[in-house]
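Chemist: See data-v2.txt below, with compact mmCIF, C-alpha atoms.
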```
# COMPACT_ATOMS: atom_id res chain seq x y z
CA MET A 59 69.84 110.79 66.92
CA LEU A 60 70.01 108.77 70.15
CA ASN A 61 73.13 107.80 72.05
CA LYS A 62 73.46 104.30 73.51
CA ASN A 63 71.92 105.28 76.84
CA GLN A 64 68.97 106.88 75.09
CA ILE A 65 68.44 103.73 73.00
CA ALA A 66 68.33 101.82 76.30
CA GLN A 67 65.90 104.39 77.71
CA ARG A 68 63.58 103.91 74.73
CA LEU A 69 63.86 100.12 75.04
CA ALA A 70 62.84 100.35 78.69
CA LYS A 71 59.39 101.55 77.52
CA GLU A 72 58.83 98.02 76.20
CA LEU A 73 58.95 96.60 79.75
CA LYS A 74 55.71 95.67 81.47
CA ASP A 75 54.98 94.97 85.11
CA GLY A 76 55.72 91.35 86.03
CA TYR A 77 57.92 90.63 83.04
CA TYR A 78 60.83 88.19 83.24
CA VAL A 79 63.45 89.72 80.94
CA ASN A 80 66.74 88.55 79.46
CA LEU A 81 69.10 91.36 78.47
CA GLY A 82 72.01 90.67 76.13
CA ILE A 83 75.52 92.11 76.25
CA GLY A 84 76.09 95.78 75.27
CA ILE A 85 73.25 98.30 74.88
CA PRO A 86 70.64 95.82 76.20
CA THR A 87 72.46 95.62 79.56
CA LEU A 88 71.95 99.39 79.96
CA VAL A 89 68.15 98.92 79.89
CA ALA A 90 68.36 97.82 83.54
CA ASN A 91 69.22 101.44 84.43
CA TYR A 92 65.92 102.76 83.03
CA ILE A 93 63.23 100.47 84.41
CA PRO A 94 60.21 102.80 84.79
CA ASP A 95 58.92 103.61 88.28
CA GLY A 96 56.05 101.43 89.44
CA ILE A 97 57.06 98.52 87.21
CA LYS A 98 58.64 95.38 88.57
CA VAL A 99 60.66 93.21 86.21
CA VAL A 100 62.87 90.27 87.07
CA LEU A 101 66.10 90.04 85.09
CA GLN A 102 67.22 86.59 83.98
CA SER A 103 70.91 85.98 83.41
CA GLU A 104 71.36 82.82 81.35
CA ASN A 105 74.42 81.66 83.30
CA GLY A 106 71.96 80.76 86.06
CA LEU A 107 70.27 83.62 87.92
CA LEU A 108 66.81 85.11 88.23
CA GLY A 109 66.71 88.43 90.03
CA MET A 110 69.88 90.16 88.92
CA GLY A 111 70.63 93.36 90.82
CA PRO A 112 72.95 96.32 90.15
CA PHE A 113 76.75 96.21 90.12
CA PRO A 114 78.26 95.71 93.59
CA PHE A 115 79.81 98.53 95.56
CA GLU A 116 83.59 98.84 95.15
CA GLY A 117 85.22 96.19 97.34
CA GLU A 118 82.10 93.99 97.55
CA GLU A 119 82.51 92.22 94.20
CA ASP A 120 82.23 88.41 94.33
CA ALA A 121 83.97 86.18 91.76
CA ASP A 122 81.19 83.59 92.12
CA LEU A 123 78.47 86.09 91.24
CA ILE A 124 78.55 87.28 87.64
CA ASN A 125 76.13 87.88 84.77
CA ALA A 126 76.22 86.40 81.27
CA GLY A 127 78.61 89.20 80.22
CA LYS A 128 80.99 88.00 82.99
CA GLN A 129 80.47 91.26 84.88
CA THR A 130 80.32 91.27 88.68
CA ILE A 131 76.76 91.85 89.85
CA THR A 132 74.50 91.51 92.89
CA THR A 133 71.14 89.83 93.49
CA ILE A 134 67.84 91.37 94.56
CA PRO A 135 65.63 89.94 97.34
CA GLY A 136 63.73 86.94 95.97
CA SER A 137 66.46 85.88 93.54
CA SER A 138 67.38 82.29 92.74
CA PHE A 139 70.30 80.36 91.25
CA PHE A 140 70.09 77.34 88.96
CA ASP A 141 72.18 75.37 86.50
CA SER A 142 72.59 76.12 82.78
CA ALA A 143 70.20 73.40 81.61
CA MET A 144 67.37 74.77 83.75
CA SER A 145 68.26 78.29 82.62
CA PHE A 146 67.81 77.40 78.95
CA GLY A 147 64.91 75.17 79.91
CA MET A 148 62.94 78.17 81.16
CA ILE A 149 63.94 80.10 78.03
CA ARG A 150 62.89 77.25 75.69
CA ALA A 151 59.65 76.73 77.58
CA GLY A 152 58.67 80.34 76.93
CA LYS A 153 58.77 81.46 80.56
CA VAL A 154 60.91 84.50 79.76
CA ASP A 155 58.62 87.29 78.51
CA LEU A 156 61.08 89.51 76.67
CA THR A 157 64.57 89.15 75.23
CA ILE A 158 66.58 92.18 74.13
CA LEU A 159 69.81 91.53 72.28
CA GLY A 160 72.30 93.12 69.94
CA ALA A 161 72.83 92.25 66.28
CA MET A 162 75.23 92.75 63.39
CA GLU A 163 72.41 92.39 60.83
CA VAL A 164 68.63 91.96 60.78
CA SER A 165 66.63 91.02 57.69
CA GLU A 166 63.20 92.32 56.67
CA THR A 167 61.79 88.87 57.52
CA GLY A 168 63.17 88.98 61.07
CA ASP A 169 66.31 86.87 60.58
CA ILE A 170 69.23 87.86 62.80
CA ALA A 171 73.03 87.50 62.50
CA ASN A 172 75.25 88.33 65.45
CA TRP A 173 77.94 85.74 66.11
CA LYS A 174 80.51 85.45 63.35
CA ILE A 175 82.20 87.25 60.46
CA PRO A 176 83.73 84.43 58.38
CA GLY A 177 87.53 84.58 58.26
CA LYS A 178 87.67 87.70 60.45
CA MET A 179 85.94 87.38 63.75
CA VAL A 180 84.30 84.58 65.69
CA LYS A 181 82.65 85.39 68.98
CA GLY A 182 80.52 82.28 69.15
CA MET A 183 76.77 82.19 69.52
CA GLY A 184 76.77 81.74 73.29
CA GLY A 185 73.13 81.60 74.34
CA ALA A 186 71.86 83.76 71.47
CA MET A 187 70.71 80.87 69.24
CA ASP A 188 68.74 79.33 72.10
CA LEU A 189 67.19 82.68 73.00
CA VAL A 190 66.11 83.68 69.49
CA ALA A 191 64.77 80.20 68.69
CA SER A 192 62.57 80.14 71.77
CA ALA A 193 61.66 83.55 73.15
CA LYS A 194 58.16 84.85 72.51
CA ASN A 195 59.18 88.47 72.14
CA ILE A 196 62.56 89.43 70.73
CA ILE A 197 63.70 93.03 70.35
CA VAL A 198 67.01 93.94 68.76
CA ALA A 199 69.00 96.93 69.98
CA MET A 200 71.65 98.05 67.52
CA MET A 201 73.06 100.91 65.48
CA HIS A 202 71.26 101.45 62.18
CA THR A 203 74.49 101.21 60.16
CA ASN A 204 77.85 99.48 60.61
CA PRO A 205 81.12 101.40 61.12
CA LYS A 206 81.48 101.62 57.30
CA GLY A 207 78.11 103.37 57.11
CA GLU A 208 76.35 100.40 55.50
CA SER A 209 72.81 99.55 56.55
CA LYS A 210 72.36 96.73 59.07
CA LEU A 211 68.67 96.43 58.13
CA LEU A 212 68.82 94.28 55.02
CA PRO A 213 66.58 92.39 52.56
CA SER A 214 68.40 89.25 53.79
CA CYS A 215 71.36 88.75 56.13
CA MET A 216 74.80 88.37 54.53
CA LEU A 217 76.51 87.02 57.67
CA PRO A 218 75.96 83.53 59.16
CA LEU A 219 72.55 83.44 60.81
CA THR A 220 71.80 83.19 64.50
CA GLY A 221 68.09 82.55 63.97
CA ILE A 222 65.35 82.87 61.37
CA GLY A 223 62.12 84.84 61.40
CA CYS A 224 62.37 85.64 65.09
CA VAL A 225 62.93 89.37 65.57
CA LYS A 226 59.76 91.33 66.35
CA LYS A 227 61.06 94.86 66.80
CA ILE A 228 64.26 96.90 66.34
CA VAL A 229 65.36 100.02 68.20
CA THR A 230 68.28 101.96 66.69
CA GLU A 231 69.76 105.43 67.21
CA LEU A 232 67.43 106.61 64.42
CA ALA A 233 64.16 104.73 64.69
CA VAL A 234 61.85 102.10 66.12
CA LEU A 235 60.74 99.54 63.53
CA GLU A 236 58.52 96.49 63.63
CA ILE A 237 59.03 93.38 61.52
CA THR A 238 55.85 92.72 59.56
CA ASN A 239 54.95 90.29 56.77
CA GLU A 240 55.66 93.12 54.32
CA GLY A 241 59.04 94.18 55.78
CA PHE A 242 60.38 96.78 58.25
CA LYS A 243 57.55 99.03 59.38
CA LEU A 244 58.67 102.42 60.66
CA ILE A 245 56.91 103.15 63.95
CA GLU A 246 58.83 106.06 65.47
CA ARG A 247 61.80 108.24 64.58
CA ALA A 248 64.38 109.61 67.01
CA PRO A 249 64.07 113.31 67.88
CA GLY A 250 65.47 115.44 65.07
CA VAL A 251 65.83 112.53 62.63
CA SER A 252 63.99 112.79 59.31
CA VAL A 253 62.09 109.99 57.60
CA GLU A 254 64.35 110.58 54.59
CA GLU A 255 67.48 109.76 56.61
CA ILE A 256 65.88 106.51 57.81
CA ILE A 257 64.91 105.63 54.22
CA THR A 258 68.52 106.26 53.07
CA LYS A 259 70.00 104.09 55.81
CA THR A 260 67.57 101.17 55.54
CA ALA A 261 68.50 98.70 52.78
CA GLY A 262 65.61 96.29 53.37
CA LYS A 263 62.00 96.96 52.44
CA LEU A 264 60.68 99.85 54.53
CA ILE A 265 56.99 100.54 55.07
CA ILE A 266 55.97 104.06 55.97
CA GLU A 267 52.33 104.74 56.67
CA GLY A 268 51.15 108.29 57.40
CA ASN A 269 52.97 110.64 59.72
CA ILE A 270 55.76 109.00 61.73
CA PRO A 271 55.82 110.39 65.28
CA GLU A 272 58.97 111.27 67.18
CA MET A 273 59.85 109.00 70.10
CA GLU A 274 58.70 110.20 73.48
CA MET A 275 61.55 109.80 75.91
CA MET B 63 84.96 52.57 98.72
CA ASN B 64 87.08 55.66 99.15
CA LYS B 65 86.38 58.61 96.81
CA VAL B 66 88.65 61.07 98.57
CA PHE B 67 91.98 61.98 96.96
CA ILE B 68 94.66 64.22 98.40
CA ASN B 69 95.07 66.51 95.39
CA ALA B 70 94.36 66.98 91.67
CA LEU B 71 97.41 65.10 90.35
CA SER B 72 96.57 61.98 92.35
CA ALA B 73 92.97 62.08 91.09
CA LEU B 74 93.95 62.46 87.42
CA THR B 75 96.67 59.81 87.03
CA ASP B 76 94.72 57.61 84.56
CA ILE B 77 93.86 60.37 82.07
CA ASN B 78 95.75 59.62 78.87
CA ASP B 79 96.41 61.34 75.56
CA GLY B 80 93.32 61.59 73.36
CA ALA B 81 90.80 61.66 76.23
CA THR B 82 87.54 63.59 76.01
CA LEU B 83 86.98 65.93 78.95
CA LEU B 84 84.04 67.93 80.20
CA LEU B 85 85.09 71.03 82.14
CA GLY B 86 82.61 73.01 84.25
CA GLY B 87 82.51 76.77 84.57
CA PHE B 88 81.19 79.82 82.77
CA GLY B 89 83.93 82.21 81.74
CA LEU B 90 86.32 81.95 84.70
CA CYS B 91 83.47 81.49 87.19
CA GLY B 92 83.36 78.06 88.78
CA ILE B 93 86.18 76.52 86.73
CA PRO B 94 88.14 73.51 88.05
CA GLU B 95 91.36 75.46 88.57
CA ASN B 96 93.28 72.69 90.35
CA CYS B 97 92.45 70.06 87.71
CA ILE B 98 93.52 72.40 84.89
CA THR B 99 96.83 73.16 86.63
CA ALA B 100 97.41 69.41 87.12
CA MET B 101 96.65 68.67 83.45
CA ILE B 102 99.26 71.24 82.42
CA LYS B 103 101.76 69.62 84.78
CA LYS B 104 100.91 66.16 83.36
CA GLY B 105 101.20 67.46 79.78
CA THR B 106 98.50 65.11 78.45
CA LYS B 107 97.91 65.85 74.77
CA ASN B 108 95.37 65.52 71.93
CA LEU B 109 92.54 66.27 74.29
CA THR B 110 88.98 67.02 73.27
CA CYS B 111 87.65 69.59 75.72
CA ILE B 112 83.97 70.36 76.12
CA SER B 113 83.47 73.59 78.03
CA ASN B 114 81.31 76.68 77.53
CA ASN B 115 84.39 78.89 77.11
CA ALA B 116 88.10 78.29 76.87
CA GLY B 117 89.17 80.53 79.72
CA VAL B 118 91.21 83.61 78.91
CA ASP B 119 94.66 83.85 77.32
CA ASP B 120 96.57 83.35 80.56
CA PHE B 121 94.15 81.45 82.77
CA GLY B 122 91.84 78.45 82.77
CA ILE B 123 91.64 76.30 79.63
CA GLY B 124 93.49 79.13 77.84
CA LEU B 125 96.67 77.79 79.48
CA MET B 126 96.04 74.31 78.00
CA LEU B 127 95.57 75.92 74.56
CA GLN B 128 98.85 77.82 74.91
CA ASN B 129 100.49 74.51 75.88
CA LYS B 130 99.07 72.90 72.68
CA GLN B 131 97.40 70.10 74.67
CA VAL B 132 94.00 70.51 73.07
CA LYS B 133 93.14 68.97 69.71
CA LYS B 134 89.50 69.98 69.69
CA MET B 135 87.32 72.43 71.65
CA ILE B 136 83.54 72.16 71.85
CA SER B 137 82.26 75.47 73.21
CA SER B 138 79.55 78.08 72.78
CA TYR B 139 81.59 81.23 73.14
CA VAL B 140 85.11 82.30 72.18
CA GLY B 141 84.60 85.82 73.45
CA GLU B 142 87.65 87.84 74.30
CA ASN B 143 90.15 84.95 74.27
CA ALA B 144 92.64 86.11 71.60
CA GLU B 145 94.69 82.88 71.51
CA PHE B 146 91.54 80.77 71.13
CA GLU B 147 90.30 82.99 68.29
CA ARG B 148 93.74 82.92 66.64
CA GLN B 149 94.02 79.08 66.77
CA LEU B 150 90.43 78.82 65.52
CA LEU B 151 90.88 81.17 62.55
CA SER B 152 94.26 79.65 61.60
CA GLY B 153 92.82 76.14 61.75
CA GLU B 154 95.42 74.92 64.29
CA LEU B 155 92.64 73.98 66.64
CA GLU B 156 89.53 72.08 65.67
CA VAL B 157 86.58 74.00 67.10
CA GLU B 158 82.93 73.09 67.21
CA LEU B 159 80.78 76.01 68.30
CA ILE B 160 77.35 75.01 69.56
CA PRO B 161 74.54 76.93 71.26
CA GLN B 162 74.95 77.29 75.02
CA GLY B 163 71.60 75.71 75.86
CA THR B 164 72.38 72.81 73.53
CA LEU B 165 75.72 72.32 75.31
CA ALA B 166 74.01 72.27 78.71
CA THR B 167 71.19 69.99 77.63
CA ARG B 168 73.49 67.49 75.88
CA CYS B 169 75.24 67.11 79.27
CA MET B 170 71.91 66.78 81.04
CA ALA B 171 70.79 64.10 78.59
CA ALA B 172 73.95 62.07 79.28
CA GLY B 173 73.36 62.30 83.01
CA TYR B 174 69.70 61.36 82.66
CA GLY B 175 70.43 58.37 80.46
CA MET B 176 68.76 59.83 77.37
CA PRO B 177 70.58 59.37 74.05
CA ALA B 178 69.42 62.62 72.44
CA ILE B 179 67.29 65.74 72.70
CA PHE B 180 65.33 67.97 70.33
CA THR B 181 65.99 71.72 70.48
CA PRO B 182 64.93 74.64 68.28
CA ALA B 183 68.31 76.37 68.78
CA GLY B 184 70.17 76.64 65.50
CA VAL B 185 67.32 75.74 63.14
CA GLY B 186 67.97 77.43 59.78
CA THR B 187 71.59 78.23 60.66
CA GLU B 188 74.91 76.50 59.91
CA VAL B 189 74.54 74.66 63.25
CA ALA B 190 71.75 72.63 61.61
CA ILE B 191 73.91 71.33 58.75
CA GLY B 192 73.82 67.53 58.63
CA LYS B 193 71.42 67.23 61.56
CA GLU B 194 68.05 65.53 61.63
CA VAL B 195 65.14 67.99 61.77
CA ARG B 196 61.77 67.04 63.23
CA THR B 197 58.60 69.11 63.33
CA PHE B 198 56.52 69.13 66.50
CA ASN B 199 53.34 71.23 66.66
CA GLY B 200 54.38 73.13 63.54
CA LYS B 201 57.83 74.13 64.84
CA GLU B 202 61.17 72.69 63.71
CA TYR B 203 63.68 71.14 66.10
CA LEU B 204 67.19 69.71 65.70
CA LEU B 205 68.19 66.30 66.99
CA GLU B 206 71.26 66.70 69.23
CA TYR B 207 73.06 63.76 70.85
CA ALA B 208 74.04 63.32 74.49
CA PHE B 209 77.75 63.83 75.12
CA ASP B 210 79.95 60.79 75.51
CA ALA B 211 82.93 61.95 77.57
CA ASP B 212 85.60 59.99 79.45
CA PHE B 213 86.07 62.40 82.34
CA ALA B 214 84.33 65.40 83.84
CA PHE B 215 86.14 68.02 85.95
CA VAL B 216 83.81 70.04 88.11
CA LYS B 217 84.27 72.66 90.79
CA ALA B 218 81.95 72.97 93.79
CA TRP B 219 81.86 75.11 96.89
CA LYS B 220 81.40 72.31 99.41
CA GLY B 221 81.57 68.57 99.12
CA ASP B 222 81.64 65.56 101.42
CA SER B 223 83.46 62.23 101.43
CA GLU B 224 80.45 60.59 99.68
CA GLY B 225 80.86 62.97 96.72
CA ASN B 226 77.78 65.08 97.45
CA LEU B 227 78.24 68.61 96.13
CA ILE B 228 76.90 72.11 96.81
CA TYR B 229 77.71 74.99 94.47
CA LYS B 230 77.85 78.69 95.22
CA GLU B 231 75.84 81.37 93.36
CA THR B 232 76.45 81.53 89.62
CA ALA B 233 79.52 79.29 89.96
CA ARG B 234 76.98 76.46 89.64
CA ASN B 235 76.42 76.99 85.87
CA PHE B 236 77.53 73.86 83.94
CA ASN B 237 79.09 72.05 86.90
CA PRO B 238 76.13 69.91 88.05
CA LEU B 239 75.37 68.93 84.43
CA MET B 240 78.92 67.94 83.62
CA ALA B 241 79.16 66.07 86.92
CA MET B 242 76.21 63.95 85.75
CA ALA B 243 77.62 63.46 82.26
CA GLY B 244 81.15 62.18 82.91
CA LYS B 245 81.91 58.45 82.82
CA ILE B 246 84.34 59.32 85.59
CA THR B 247 83.65 62.57 87.40
CA ILE B 248 86.32 64.32 89.44
CA ALA B 249 85.13 67.08 91.75
CA GLU B 250 87.34 69.69 93.35
CA VAL B 251 85.82 71.62 96.24
CA GLU B 252 86.77 74.61 98.32
CA GLU B 253 85.78 72.79 101.47
CA LEU B 254 85.72 69.00 101.90
CA VAL B 255 83.79 67.74 104.94
CA PRO B 256 82.96 64.30 106.41
CA ALA B 257 79.73 62.57 105.33
CA GLY B 258 76.78 63.74 107.40
CA THR B 259 78.01 67.32 107.74
CA LEU B 260 76.12 68.79 104.77
CA ASP B 261 72.33 69.17 104.93
CA ALA B 262 70.94 66.47 102.63
CA ASN B 263 68.10 68.85 101.65
CA GLN B 264 70.60 71.25 100.13
CA ILE B 265 72.68 68.87 97.98
CA HIS B 266 72.85 69.94 94.30
CA THR B 267 74.76 66.93 92.96
CA PRO B 268 74.17 63.55 94.64
CA GLY B 269 77.36 61.62 95.26
CA ILE B 270 76.43 58.80 92.88
CA TYR B 271 77.60 61.05 90.03
CA VAL B 272 80.96 61.82 91.65
CA HIS B 273 83.73 59.22 91.57
CA ARG B 274 86.66 61.19 92.97
CA ILE B 275 86.78 64.26 95.17
CA PHE B 276 89.53 66.41 96.66
CA GLU B 277 89.89 69.72 98.42
CA GLY B 278 91.42 72.26 96.05
CA LYS B 279 94.16 74.70 96.99
CA ASN B 280 95.18 78.25 96.14
CA TYR B 281 92.02 79.30 94.34
CA GLN B 282 92.59 82.47 92.35
CA LYS B 283 88.92 82.92 91.36
CA ARG B 284 89.81 85.56 88.83
CA ILE B 285 87.20 88.13 87.84
CA GLU B 286 86.94 88.74 84.09
CA GLN B 287 84.98 91.99 84.16
CA LYS B 288 85.08 93.82 87.44
CA THR B 289 82.11 96.17 87.37
CA VAL B 290 81.23 98.24 90.44
CA ARG B 291 79.30 101.32 91.46
CA PRO B 292 80.74 103.94 93.79
CA ALA B 293 80.38 103.13 97.49
CA PRO B 294 77.73 105.22 99.25
CA LEU B 295 79.15 108.22 101.05
CA ASN B 296 79.49 107.91 104.81
CA LEU B 297 78.11 111.27 105.90
```
Kindly present the structure from the file in structure tokens form.
Modeler:
Amino acid sequence: MLNKNQIAQRLAKELKDGYYVNLGIGIPTLVANYIPDGIKVVLQSENGLLGMGPFPFEGEEDADLINAGKQTITTIPGSSFFDSAMSFGMIRAGKVDLTILGAMEVSETGDIANWKIPGKMVKGMGGAMDLVASAKNIIVAMMHTNPKGESKLLPSCMLPLTGIGCVKKIVTELAVLEITNEGFKLIERAPGVSVEEIITKTAGKLIIEGNIPEMEM
Amino acid sequence: MNKVFINALSALTDINDGATLLLGGFGLCGIPENCITAMIKKGTKNLTCISNNAGVDDFGIGLMLQNKQVKKMISSYVGENAEFERQLLSGELEVELIPQGTLATRCMAAGYGMPAIFTPAGVGTEVAIGKEVRTFNGKEYLLEYAFDADFAFVKAWKGDSEGNLIYKETARNFNPLMAMAGKITIAEVEELVPAGTLDANQIHTPGIYVHRIFEGKNYQKRIEQKTVRPAPLNL
């Protein structure tokens, strides 16, 4: 089973040289720590920055320079600032190559829910609805089950939707799965995790073809 | 025509109960701190506030919520604002949550003189309820209307007496869009300079969109999530 940093490490293998990438709050943010050597990606922060750098050194933080998670950050050489309409303009126009975001639930048809639990919790959708409606390639990073142990990979989402038929791939602490026309297709399993455990913890339709390899980290 | 005011209170005198306001900023970054403080002092009520967030519990628009001045919030993210979430869940506050890109583009449309836009954000979700759907090239889009707001409060880094504005880093966010969208736009700036001082090539918001401008005071510029890495060792 992977920890959060290892999920981020596995996600980083999805990055390709030259990609513009938008990373959501939580596990996706950690992906920035594992960009493979020899690959250049430019991180887009939807509050208005291309070319997000690492956290500032202690004492050098700048209140005017934050990411979409409201964390203090820095820029890399070649970065640019822009307003929120242009930021979502480039997202809508398909200029961003890859979006990685968290989710509360994903359905076997690629629907995603991640912004509200009616009567209990309302975070708001922020930029997530714009991102999932527009991005070409959407990967979800999340735990396979919720804190109650219930599967988050479902036949259909129970919570209010963020977007429909948009998720392409899911990376959890147990497995890598692709969304296909037939349902969740198991691609890889985490080291030491059995196919049986993944079957038990996946409520939606799961397709298993042949031997499922362990992830290479 | 003089656009320069001495402070926030003098620039906001004609804002009455029931007004619709656009407020720039993302989280606490680039928020019009002086205008918010002046609104609390004025005590204007039944406001509709359009802003990406509602500040935090004890700063920004959060203070106007605590003061029960806001009837309705139109935002994209509640986030970690406990009072906002409490008023929302209890029904005390009318809240319309809309996608962030939709919020930005509805401002842009107002400033560009376009009545509406089509966006894919929210198709198939509860955001789409009651909205016109059109299909272009096989993909569905929602019709979303330009905002119609009485006043916009924006915060810029530098401004001049003509109302030209320059923003700093990610404090730009919604500010230029809301500046364009307000029927009356009030800009507060960290540094107000005479016309001709700023490089015209570098202006983000042309002064035509700005009706009143003043130099703000006592900026707190609070940081919501201070994240740092250890300083390199001096060996």
Chemist: Within 8 Å of Asp141 of chain A, counting only C-alpha atoms, which residues show up once you throw out same-chain ones fewer than 5 positions away? Write them as a list in words, please.
Modeler: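 After dropping sequence-adjacent residues, the list is Asn105 and Gly106 of chain A; Arg234, Asn235, Phe236, Asn237, Pro238 and Leu239 of chain B.
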Chemist: Using all atoms listed in the file and a cut-off of 9 Å, which residues of chain A sit close to chain B? Please list them as a compact mmCIF listing (two decimals) with C-alpha atoms, in the frame of the given file.
Modeler:
```
# COMPACT_ATOMS: atom_id res chain seq x y z
CA GLU A 104 71.36 82.82 81.35
CA ASN A 105 74.42 81.66 83.30
CA GLY A 106 71.96 80.76 86.06
CA LEU A 107 70.27 83.62 87.92
CA PRO A 112 72.95 96.32 90.15
CA PHE A 113 76.75 96.21 90.12
CA PRO A 114 78.26 95.71 93.59
CA PHE A 115 79.81 98.53 95.56
CA GLU A 116 83.59 98.84 95.15
CA GLY A 117 85.22 96.19 97.34
CA GLU A 118 82.10 93.99 97.55
CA GLU A 119 82.51 92.22 94.20
CA ASP A 120 82.23 88.41 94.33
CA ALA A 121 83.97 86.18 91.76
CA ASP A 122 81.19 83.59 92.12
CA LEU A 123 78.47 86.09 91.24
CA ILE A 124 78.55 87.28 87.64
CA ASN A 125 76.13 87.88 84.77
CA ALA A 126 76.22 86.40 81.27
CA GLY A 127 78.61 89.20 80.22
CA LYS A 128 80.99 88.00 82.99
CA GLN A 129 80.47 91.26 84.88
CA THR A 130 80.32 91.27 88.68
CA ILE A 131 76.76 91.85 89.85
CA SER A 138 67.38 82.29 92.74
CA PHE A 139 70.30 80.36 91.25
CA PHE A 140 70.09 77.34 88.96
CA ASP A 141 72.18 75.37 86.50
CA SER A 142 72.59 76.12 82.78
CA ALA A 143 70.20 73.40 81.61
CA MET A 144 67.37 74.77 83.75
CA SER A 145 68.26 78.29 82.62
CA PHE A 146 67.81 77.40 78.95
CA GLY A 147 64.91 75.17 79.91
CA ARG A 150 62.89 77.25 75.69
CA PRO A 176 83.73 84.43 58.38
CA GLY A 177 87.53 84.58 58.26
CA LYS A 178 87.67 87.70 60.45
CA MET A 179 85.94 87.38 63.75
CA VAL A 180 84.30 84.58 65.69
CA LYS A 181 82.65 85.39 68.98
CA GLY A 182 80.52 82.28 69.15
CA MET A 183 76.77 82.19 69.52
CA GLY A 184 76.77 81.74 73.29
CA GLY A 185 73.13 81.60 74.34
CA ALA A 186 71.86 83.76 71.47
CA MET A 187 70.71 80.87 69.24
CA ASP A 188 68.74 79.33 72.10
CA LEU A 189 67.19 82.68 73.00
CA VAL A 190 66.11 83.68 69.49
CA ALA A 191 64.77 80.20 68.69
CA SER A 192 62.57 80.14 71.77
CA PRO A 218 75.96 83.53 59.16
CA LEU A 219 72.55 83.44 60.81
CA THR A 220 71.80 83.19 64.50
CA GLY A 221 68.09 82.55 63.97
CA ILE A 222 65.35 82.87 61.37
```
Chemist: Hey, could you pull the box centre and edge lengths for segment 257-263 of chain A, axis-aligned, 4 Å padding per side, all listed atoms, to one decimal in Å, as AutoDock Vina command-line options?
Modeler:
```
--center_x 66.0 --center_y 101.3 --center_z 54.1 --size_x 16.0 --size_y 18.0 --size_z 11.4
```
Chemist: Might you pull out every residue within 8 Å of Leu211 of chain A, with only C-alpha atoms counted and same-chain residues fewer than 6 positions away left off, and present them as number ranges by chain?
Modeler: A: 163-166, 202-203, 260-262
Chemist: How many Å separate atom CA of Gly225 of chain B from atom CA of Phe276 of chain B?
Modeler: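 Going from atom CA of Gly225 of chain B over to atom CA of Phe276 of chain B covers 9.3 Å.
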Chemist: So, with only C-alpha atoms as the atoms that count, which of B:Leu254, B:Ala100, B:Leu85, B:Val118 lies closest to Met135 of chain B?
Modeler: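 Of the candidates, the smallest distance to Met135 of chain B is held by B:Leu85.
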Chemist: Could you pull the residues within 6 Å of Lys65 of chain B, counting all atoms listed in the file, minus those fewer than 4 positions along the same chain, as a PyMOL selection string?
Modeler: chain B and resi 273-275
Chemist: How many Å lie between atom CA of Val255 of chain B and atom CA of Asn96 of chain B, rounded to one decimal?
Modeler: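 Rounded to one decimal, the two atoms are 18.1 Å apart.
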Chemist: What is the atom CA of Ile134 of chain A-atom CA of Leu101 of chain A distance in Å, reported with one decimal?
Modeler: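 It comes out at 9.7 Å.
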Chemist: Which residues come within 10 Å of Glu240 of chain A, counting only C-alpha atoms, excluding same-chain residues fewer than 2 positions away, as a list in words?
Modeler: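 Skipping anything fewer than 2 positions along the chain leaves Glu166, Thr167, Ile237, Thr238, Phe242, Lys243, Lys263, Leu264 and Ile265 of chain A.
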